[in-house]
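Printed here is protein15.txt (compact mmCIF, C-alpha atoms and all ligand atoms):
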```
# COMPACT_ATOMS: atom_id res chain seq x y z
CA MET A 241 0.00 0.00 0.00
CA SER A 242 2.91 2.36 0.63
CA GLY A 243 3.47 5.25 -1.72
CA LYS A 244 0.00 4.97 -3.20
CA TYR A 245 -1.61 8.24 -2.11
CA ASP A 246 -1.30 11.84 -3.28
CA ALA A 247 -3.20 13.00 -0.19
CA ILE A 248 -3.91 11.45 3.20
CA ILE A 249 -6.67 13.20 5.13
CA ILE A 250 -6.72 12.70 8.87
CA GLY A 251 -10.29 12.91 10.12
CA GLY A 252 -13.49 12.01 8.30
CA GLY A 253 -15.58 14.92 9.55
CA HIS A 254 -17.50 16.92 6.96
CA ASN A 255 -14.50 19.12 6.17
CA GLY A 256 -12.21 16.13 5.61
CA LEU A 257 -14.82 14.43 3.44
CA VAL A 258 -15.47 17.53 1.31
CA THR A 259 -11.72 17.94 0.77
CA ALA A 260 -11.34 14.25 -0.07
CA ALA A 261 -14.21 14.31 -2.55
CA TYR A 262 -12.89 17.38 -4.40
CA LEU A 263 -9.36 15.93 -4.52
CA GLY A 264 -10.77 12.62 -5.77
CA ARG A 265 -12.82 14.46 -8.38
CA ALA A 266 -9.60 16.17 -9.50
CA GLY A 267 -8.06 12.76 -10.12
CA LYS A 268 -5.90 12.56 -6.99
CA ARG A 269 -5.39 9.31 -5.10
CA VAL A 270 -6.85 10.02 -1.67
CA LEU A 271 -7.06 8.17 1.64
CA VAL A 272 -9.23 9.31 4.59
CA LEU A 273 -8.32 8.03 8.05
CA GLU A 274 -11.09 8.17 10.64
CA ARG A 275 -10.56 6.98 14.19
CA ARG A 276 -14.26 6.39 14.99
CA PRO A 277 -16.32 3.47 13.60
CA ILE A 278 -18.34 5.97 11.52
CA VAL A 279 -17.39 8.98 9.45
CA GLY A 280 -18.99 12.36 10.07
CA GLY A 281 -17.23 13.84 13.11
CA ALA A 282 -19.68 16.27 14.73
CA CYS A 283 -22.16 15.75 11.85
CA VAL A 284 -23.48 12.28 12.60
CA THR A 285 -26.77 10.48 13.17
CA GLU A 286 -26.50 7.85 15.87
CA GLU A 287 -28.89 5.51 17.68
CA ILE A 288 -28.62 6.64 21.29
CA PHE A 289 -31.71 4.73 22.48
CA PRO A 290 -32.98 1.59 20.74
CA GLY A 291 -35.05 2.69 17.75
CA PHE A 292 -34.20 6.42 18.09
CA ARG A 293 -31.67 7.81 15.64
CA VAL A 294 -30.72 11.44 16.31
CA SER A 295 -28.14 14.03 15.35
CA THR A 296 -25.84 13.75 18.35
CA ALA A 297 -23.89 17.02 17.93
CA ALA A 298 -24.60 19.44 15.06
CA TYR A 299 -28.32 19.36 14.30
CA VAL A 300 -29.29 22.23 11.97
CA ASN A 301 -27.84 23.33 8.67
CA SER A 302 -27.86 26.26 6.29
CA LEU A 303 -24.20 27.17 6.00
CA PHE A 304 -23.13 24.10 4.03
CA ARG A 305 -22.51 25.65 0.63
CA LYS A 306 -24.97 24.97 -2.17
CA GLU A 307 -22.03 24.94 -4.60
CA ILE A 308 -20.65 21.84 -2.83
CA VAL A 309 -24.06 20.13 -2.91
CA ARG A 310 -24.17 20.78 -6.65
CA ASP A 311 -20.53 19.92 -7.48
CA LEU A 312 -20.56 16.64 -5.55
CA ARG A 313 -24.13 15.73 -6.62
CA LEU A 314 -25.08 15.08 -3.01
CA ALA A 315 -28.82 14.85 -3.77
CA GLU A 316 -28.06 11.71 -5.78
CA HIS A 317 -26.59 10.26 -2.59
CA GLY A 318 -29.69 11.00 -0.51
CA PHE A 319 -28.96 14.50 0.80
CA ALA A 320 -32.14 16.56 1.29
CA MET A 321 -33.06 19.53 3.47
CA LEU A 322 -36.29 20.14 5.39
CA GLU A 323 -37.00 23.79 6.19
CA ARG A 324 -37.20 24.74 9.84
CA ASN A 325 -40.47 26.54 10.39
CA PRO A 326 -40.86 28.00 12.98
CA SER A 327 -37.16 28.54 13.60
CA SER A 328 -37.26 29.43 17.28
CA PHE A 329 -39.59 29.20 20.26
CA THR A 330 -38.79 31.25 23.35
CA PRO A 331 -40.95 30.29 26.35
CA LEU A 332 -41.02 32.90 29.13
CA PRO A 333 -41.51 32.47 32.89
CA ASP A 334 -44.74 34.54 32.82
CA GLY A 335 -46.37 32.10 30.38
CA ARG A 336 -45.90 34.23 27.26
CA HIS A 337 -43.82 33.04 24.32
CA LEU A 338 -42.09 34.32 21.19
CA LEU A 339 -42.21 32.29 18.01
CA LEU A 340 -40.02 33.31 15.06
CA GLY A 341 -39.66 31.88 11.57
CA PRO A 342 -39.38 32.65 7.87
CA ASP A 343 -42.94 34.07 7.64
CA PRO A 344 -42.78 37.91 7.95
CA ALA A 345 -46.45 38.16 8.98
CA LEU A 346 -45.97 35.65 11.81
CA ASN A 347 -42.84 37.47 12.99
CA HIS A 348 -44.64 40.83 13.03
CA GLN A 349 -47.58 39.46 14.97
CA GLN A 350 -45.34 37.65 17.46
CA ILE A 351 -42.90 40.51 18.09
CA SER A 352 -45.81 42.97 18.45
CA LYS A 353 -46.77 41.12 21.64
CA PHE A 354 -43.61 42.61 23.15
CA SER A 355 -43.02 45.80 21.18
CA ARG A 356 -44.82 47.25 18.18
CA ARG A 357 -41.74 49.33 17.39
CA ASP A 358 -39.52 46.22 17.31
CA ALA A 359 -42.02 44.42 15.09
CA ASP A 360 -41.80 47.28 12.57
CA ASN A 361 -38.00 47.40 12.85
CA TYR A 362 -37.41 43.66 12.45
CA PRO A 363 -37.70 43.50 8.62
CA ARG A 364 -35.43 46.58 8.36
CA TYR A 365 -32.87 44.88 10.62
CA GLU A 366 -32.99 41.74 8.47
CA ALA A 367 -32.58 43.84 5.31
CA MET A 368 -29.54 45.55 6.86
CA LEU A 369 -27.90 42.17 7.59
CA GLN A 370 -28.74 41.02 4.09
CA ARG A 371 -27.06 44.08 2.54
CA VAL A 372 -23.82 43.26 4.33
CA ALA A 373 -24.19 39.56 3.50
CA ASP A 374 -24.41 40.46 -0.20
CA VAL A 375 -20.90 41.93 0.10
CA ILE A 376 -19.31 39.21 2.21
CA GLU A 377 -20.98 36.03 0.98
CA PRO A 378 -19.12 35.73 -2.35
CA THR A 379 -15.81 35.63 -0.43
CA LEU A 380 -16.84 32.43 1.38
CA ILE A 381 -16.10 30.28 -1.65
CA GLU A 382 -13.05 32.20 -2.85
CA PRO A 383 -9.53 31.19 -1.86
CA PRO A 384 -8.12 33.70 0.66
CA ILE A 385 -5.91 36.41 -0.83
CA ASP A 386 -2.21 35.91 -0.04
CA LEU A 387 -1.45 39.37 1.34
CA ARG A 388 2.33 38.92 1.00
CA ARG A 389 2.23 37.80 -2.63
CA PRO A 390 -1.24 38.60 -3.94
CA GLY A 391 -0.28 38.45 -7.62
CA LEU A 392 -2.51 39.93 -10.28
CA ALA A 393 -5.42 37.56 -9.53
CA GLY A 394 -5.28 38.38 -5.80
CA LEU A 395 -5.15 42.12 -6.45
CA TRP A 396 -8.11 41.82 -8.80
CA ARG A 397 -10.15 39.97 -6.16
CA ALA A 398 -9.18 42.55 -3.50
CA LEU A 399 -10.32 45.33 -5.83
CA LYS A 400 -13.64 43.60 -6.48
CA LEU A 401 -14.19 43.20 -2.71
CA ALA A 402 -13.33 46.87 -2.10
CA TRP A 403 -15.76 47.84 -4.86
CA ARG A 404 -18.55 45.79 -3.29
CA PHE A 405 -17.85 47.48 0.07
CA ARG A 406 -17.91 50.88 -1.57
CA ARG A 407 -21.44 50.21 -2.80
CA LEU A 408 -22.56 50.15 0.85
CA GLY A 409 -21.91 53.92 0.91
CA THR A 410 -22.86 55.50 4.22
CA ARG A 411 -23.79 52.06 5.55
CA MET A 412 -20.16 50.96 5.53
CA ALA A 413 -19.74 51.87 9.23
CA GLU A 414 -22.62 49.51 10.00
CA ALA A 415 -20.83 46.74 8.09
CA VAL A 416 -17.55 47.31 9.97
CA ASP A 417 -19.49 47.21 13.25
CA ILE A 418 -20.99 43.85 12.28
CA LEU A 419 -17.70 42.37 11.13
CA THR A 420 -15.68 43.42 14.19
CA GLY A 421 -17.97 44.42 17.04
CA ALA A 422 -20.20 42.86 19.68
CA ALA A 423 -23.80 41.79 19.06
CA ARG A 424 -25.28 43.52 22.08
CA PRO A 425 -24.85 47.19 21.08
CA ILE A 426 -26.24 46.40 17.63
CA LEU A 427 -29.30 44.64 19.05
CA ASP A 428 -29.72 47.47 21.61
CA ARG A 429 -29.69 50.03 18.81
CA TRP A 430 -32.36 48.21 16.81
CA PHE A 431 -34.68 46.82 19.47
CA GLU A 432 -36.11 47.56 22.92
CA SER A 433 -37.67 44.20 23.84
CA GLU A 434 -35.39 42.06 26.02
CA GLU A 435 -37.33 38.97 24.93
CA LEU A 436 -36.56 39.58 21.27
CA LYS A 437 -32.95 40.62 21.89
CA ALA A 438 -32.27 37.55 24.03
CA THR A 439 -33.74 35.30 21.33
CA LEU A 440 -31.69 36.89 18.56
CA ALA A 441 -28.54 36.88 20.71
CA THR A 442 -28.51 33.08 20.77
CA ASP A 443 -27.23 33.15 17.18
CA ALA A 444 -24.43 35.47 18.32
CA VAL A 445 -23.06 33.26 21.09
CA ILE A 446 -23.86 29.73 19.95
CA GLY A 447 -20.68 27.69 19.96
CA ALA A 448 -18.66 30.82 20.66
CA MET A 449 -18.04 30.59 24.44
CA ALA A 450 -18.65 34.35 24.57
CA ALA A 451 -21.20 36.85 25.88
CA PRO A 452 -23.23 39.01 23.46
CA SER A 453 -21.09 41.94 24.64
CA THR A 454 -17.85 40.25 23.49
CA PRO A 455 -16.33 41.81 20.35
CA GLY A 456 -16.65 39.42 17.42
CA THR A 457 -20.06 38.08 18.39
CA ALA A 458 -21.80 40.38 15.90
CA TYR A 459 -20.05 38.45 13.15
CA VAL A 460 -21.32 35.12 14.55
CA LEU A 461 -24.85 36.58 14.52
CA PHE A 462 -24.36 37.85 11.00
CA HIS A 463 -22.82 34.59 9.76
CA HIS A 464 -26.13 32.89 10.51
CA VAL A 465 -27.92 34.87 7.79
CA MET A 466 -25.49 33.88 5.06
CA GLY A 467 -26.75 30.37 4.55
CA GLU A 468 -29.79 29.04 2.78
CA THR A 469 -32.19 26.12 2.69
CA ASN A 470 -33.68 24.92 -0.59
CA GLY A 471 -32.82 28.25 -2.23
CA LYS A 472 -34.27 30.40 0.59
CA ARG A 473 -31.60 32.69 1.99
CA GLY A 474 -31.16 32.97 5.74
CA VAL A 475 -33.47 30.00 6.34
CA TRP A 476 -32.16 27.11 8.44
CA GLY A 477 -33.23 23.53 8.05
CA TYR A 478 -32.87 19.96 9.19
CA VAL A 479 -31.04 17.40 7.12
CA LYS A 480 -33.47 14.61 6.28
CA GLY A 481 -32.34 11.61 8.31
CA GLY A 482 -30.24 13.78 10.65
CA MET A 483 -26.85 15.40 10.08
CA GLY A 484 -25.33 11.98 9.44
CA SER A 485 -27.15 11.85 6.10
CA LEU A 486 -25.01 14.76 4.93
CA THR A 487 -21.72 13.12 5.84
CA GLN A 488 -22.88 9.72 4.55
CA ALA A 489 -23.73 11.42 1.23
CA LEU A 490 -20.29 13.06 1.23
CA ALA A 491 -18.61 9.72 1.92
CA ALA A 492 -20.59 8.08 -0.90
CA ALA A 493 -19.66 10.90 -3.29
CA ALA A 494 -15.99 10.65 -2.26
CA ARG A 495 -15.96 6.87 -2.76
CA GLY A 496 -17.55 7.44 -6.16
CA PHE A 497 -14.49 9.53 -7.05
CA GLY A 498 -12.21 6.68 -5.99
CA VAL A 499 -11.43 7.92 -2.47
CA GLU A 500 -10.55 5.20 0.05
CA ILE A 501 -12.01 5.70 3.54
CA ARG A 502 -10.78 3.69 6.50
CA VAL A 503 -12.70 3.87 9.79
CA GLU A 504 -11.37 2.78 13.19
CA THR A 505 -7.97 3.87 11.96
CA PRO A 506 -6.52 6.64 14.14
CA ALA A 507 -3.48 8.47 12.83
CA GLN A 508 -0.80 8.52 15.50
CA ARG A 509 1.79 10.81 13.96
CA ILE A 510 2.49 12.73 10.78
CA LEU A 511 5.83 11.62 9.37
CA VAL A 512 8.02 14.43 8.07
CA GLU A 513 11.15 13.99 5.99
CA ARG A 514 13.33 16.86 4.77
CA GLY A 515 10.65 19.38 5.69
CA ALA A 516 7.87 17.66 3.74
CA VAL A 517 5.10 15.27 4.79
CA ALA A 518 6.18 11.73 3.95
CA GLY A 519 3.33 9.74 5.44
CA VAL A 520 1.26 8.90 8.49
CA GLN A 521 2.08 6.57 11.37
CA LEU A 522 -0.72 4.19 12.40
CA ALA A 523 -0.84 1.81 15.37
CA ASP A 524 0.03 -1.12 13.11
CA GLY A 525 2.33 0.37 10.52
CA LYS A 526 2.76 3.42 8.39
CA ILE A 527 1.27 4.79 5.20
CA GLU A 528 3.54 6.61 2.80
CA MET A 529 2.66 9.40 0.44
CA ALA A 530 3.30 8.99 -3.27
CA PRO A 531 6.74 10.38 -4.17
C1 LIG B 1 -22.15 20.11 20.02
C2 LIG B 1 -21.98 20.79 18.68
C3 LIG B 1 -23.10 21.27 18.01
C4 LIG B 1 -22.95 21.89 16.77
N1 LIG B 1 -24.07 22.29 16.11
C5 LIG B 1 -23.96 22.77 14.85
C6 LIG B 1 -25.13 22.99 14.08
O1 LIG B 1 -26.24 22.71 14.53
N2 LIG B 1 -24.98 23.48 12.82
C7 LIG B 1 -23.73 23.74 12.30
O2 LIG B 1 -23.67 24.20 11.15
N3 LIG B 1 -22.60 23.51 13.01
C8 LIG B 1 -22.69 23.01 14.26
N4 LIG B 1 -21.57 22.71 14.97
C9 LIG B 1 -20.28 22.93 14.34
C10 LIG B 1 -19.96 21.83 13.31
O3 LIG B 1 -20.48 20.60 13.72
C11 LIG B 1 -18.46 21.72 13.16
O4 LIG B 1 -17.98 22.98 12.75
C12 LIG B 1 -18.08 20.68 12.13
O5 LIG B 1 -18.60 19.42 12.45
C13 LIG B 1 -16.58 20.62 12.01
O6 LIG B 1 -16.28 19.66 11.02
P1 LIG B 1 -14.82 19.14 10.85
O7 LIG B 1 -14.85 18.14 9.76
O8 LIG B 1 -13.87 20.27 10.71
O9 LIG B 1 -14.42 18.47 12.25
P2 LIG B 1 -15.12 17.29 13.06
O10 LIG B 1 -16.56 17.18 12.75
O11 LIG B 1 -14.71 17.49 14.48
O12 LIG B 1 -14.41 15.99 12.49
C14 LIG B 1 -13.08 15.66 12.82
C15 LIG B 1 -12.93 14.16 12.63
O13 LIG B 1 -11.56 13.82 12.79
C16 LIG B 1 -11.48 12.59 13.49
N5 LIG B 1 -10.14 12.53 14.07
C17 LIG B 1 -9.59 13.38 14.97
N6 LIG B 1 -8.32 13.02 15.24
C18 LIG B 1 -8.05 11.94 14.46
C19 LIG B 1 -6.90 11.12 14.28
N7 LIG B 1 -5.76 11.34 14.96
N8 LIG B 1 -6.97 10.10 13.40
C20 LIG B 1 -8.12 9.85 12.70
N9 LIG B 1 -9.24 10.59 12.85
C21 LIG B 1 -9.20 11.62 13.71
C22 LIG B 1 -12.61 12.70 14.51
O14 LIG B 1 -12.99 11.43 15.00
C23 LIG B 1 -13.70 13.34 13.66
O15 LIG B 1 -14.49 12.38 12.99
C24 LIG B 1 -21.67 22.07 16.21
C25 LIG B 1 -20.55 21.59 16.89
C26 LIG B 1 -20.71 20.95 18.10
C27 LIG B 1 -19.48 20.39 18.79
```

Please rewrite the model in this file as structure tokens.
Ligand SMILES: Cc1cc2nc3c(=O)[nH]c(=O)nc-3n(C[C@H](O)[C@H](O)[C@H](O)COP(=O)(O)OP(=O)(O)OC[C@H]3O[C@@H](n4cnc5c(N)ncnc54)[C@H](O)[C@@H]3O)c2cc1C
Amino acid sequence: MSGKYDAIIIGGGHNGLVTAAYLGRAGKRVLVLERRPIVGGACVTEEIFPGFRVSTAAYVNSLFRKEIVRDLRLAEHGFAMLERNPSSFTPLPDGRHLLLGPDPALNHQQISKFSRRDADNYPRYEAMLQRVADVIEPTLIEPPIDLRRPGLAGLWRALKLAWRFRRLGTRMAEAVDILTGAARPILDRWFESEELKATLATDAVIGAMAAPSTPGTAYVLFHHVMGETNGKRGVWGYVKGGMGSLTQALAAAARGFGVEIRVETPAQRILVERGAVAGVQLADGKIEMAP
């Protein structure tokens, strides 16, 4: 087996599988090493009680890029999204509740229970986030610009980004605030209802180990509007069959491109020779890269 692979990917989470599938599609000889008995990492569906299969870590999706779904033909491998509607339910100690979702009329009616002003402001707030998303979103699928050696292509992309920012005009300060600041002052500026602000702030702190007043959380909040479900921007959804269906579809697509996936195979060490990766050490031997 030694010397057979152009790329060895350690970890069969969704990022490893996407990388493997694209490399396989490009004709590279690829091996994925996964230490667990199943691929998927934090995107898995597992039977935790007899007869009940659930997403055991990540559970909702919208940020997985539609370009990847298309390129890797994931629908042909069973990937499908179910829209989340309503998207959030906030029960309150006094018996009231706030329900939010993709339906503007429902949102207006629900938020009005707490503040008529906030209900009127909510679509404007969403439009503001969308304006900034229009500028940032295209960069998500572009390779990062090498600032030390941008080359002509890098300079061209930087110019295009600057041009998109320029189109924001007087709203550019708002965009900078979102990209660098904390969520709390932004929510405080737009809304007065604590119930609404607390609900919206969950998107700012989820997975971030930070408070809504921590700089950077506005970006986390904003990042949540950049995804889509079934062509609907900003809408989140459930993967049919749980998150594991996404990574199983990725694994099937990767195998279709000739990628080899080995589970229960932890990598112990990356072998380096003369400053370059030469292979990977396993418990029972080593795998070498192609020369
Ligand atoms: C509790 C939780 C909830 C989340 N909820 C959401 C959500 O709802 N929506 C969302 O979009 N994102 C969510 N996320 C974030 C998202 O799940 C992660 O960003 C994503 O799974 C990261 O994918 P990854 O492939 O980079 O890494 P991982 O999914 O962590 O995969 C890494 C893989 O590498 C394997 N591995 C590690 N070391 C070795 C080794 N030495 N040898 C072989 N294999 C190895 C691991 O077993 C694992 O399978 C959540 C994350 C967590 C933890």

Which residues form the shell of 8 Å around ligand LIG 1 (chain B) when you count all atoms listed in the file, given as a PyMOL selection string? chain A and resi 250-257+273-276+278-283+296-304+447+504-509

Pick out the closest residue to Glu435 (chain A) from this set: A:Asn325, A:Ser295, A:Thr330, A:Thr469. Count all atoms listed in the file.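 When distances to Glu435 (chain A) are compared using all atoms listed in the file, the smallest one comes from A:Thr330.
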
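With CA of Ile351 (chain A) on one side and CA of Ser433 (chain A) on the other, the separation reads 8.6 Å.
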
Nearest to Leu427 (chain A): which of A:Ala413, A:Val372, A:Leu486, A:Ala444 is it, counting all atoms listed in the file?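 Answer, going by the shortest atom-to-atom distance: A:Ala444.
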
May I ask which of the residues A:Ile501, A:Leu461, A:Val272, A:Leu440 is the closest one to Ser328 (chain A), counting all atoms listed in the file? A:Leu440

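Straight-line separation from CA of Ala261 (chain A) to CA of Ala518 (chain A): 21.6 Å.
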
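With distances restricted to only C-alpha atoms, A:Gln488 is the closest residue to Val284 (chain A) from A:Leu271, A:Gln488, A:Gly498, A:Thr259.
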
So what do you get for CA of Val309 (chain A) versus CA of Ala367 (chain A), distance-wise? 26.5 Å

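Minimum atom-to-atom distance to Ala491 (chain A), evaluated using all atoms listed in the file, belongs to A:Arg313 out of A:Arg388, A:Arg313, A:Arg411, A:His337.
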
So for region 504-519 of chain A, what box centre and size do we get, axis-aligned, 4 Å extra on each of the six sides, every listed atom, Å to one decimal, as AutoDock Vina command-line options?
```
--center_x 1.0 --center_y 11.1 --center_z 9.6 --size_x 32.7 --size_y 24.6 --size_z 19.8
```

Could you check which of A:Pro455, A:Asp246, A:Phe431, A:Val475 is closest to Pro326 (chain A), using all atoms listed in the file?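 Answer, going by the shortest atom-to-atom distance: A:Val475.
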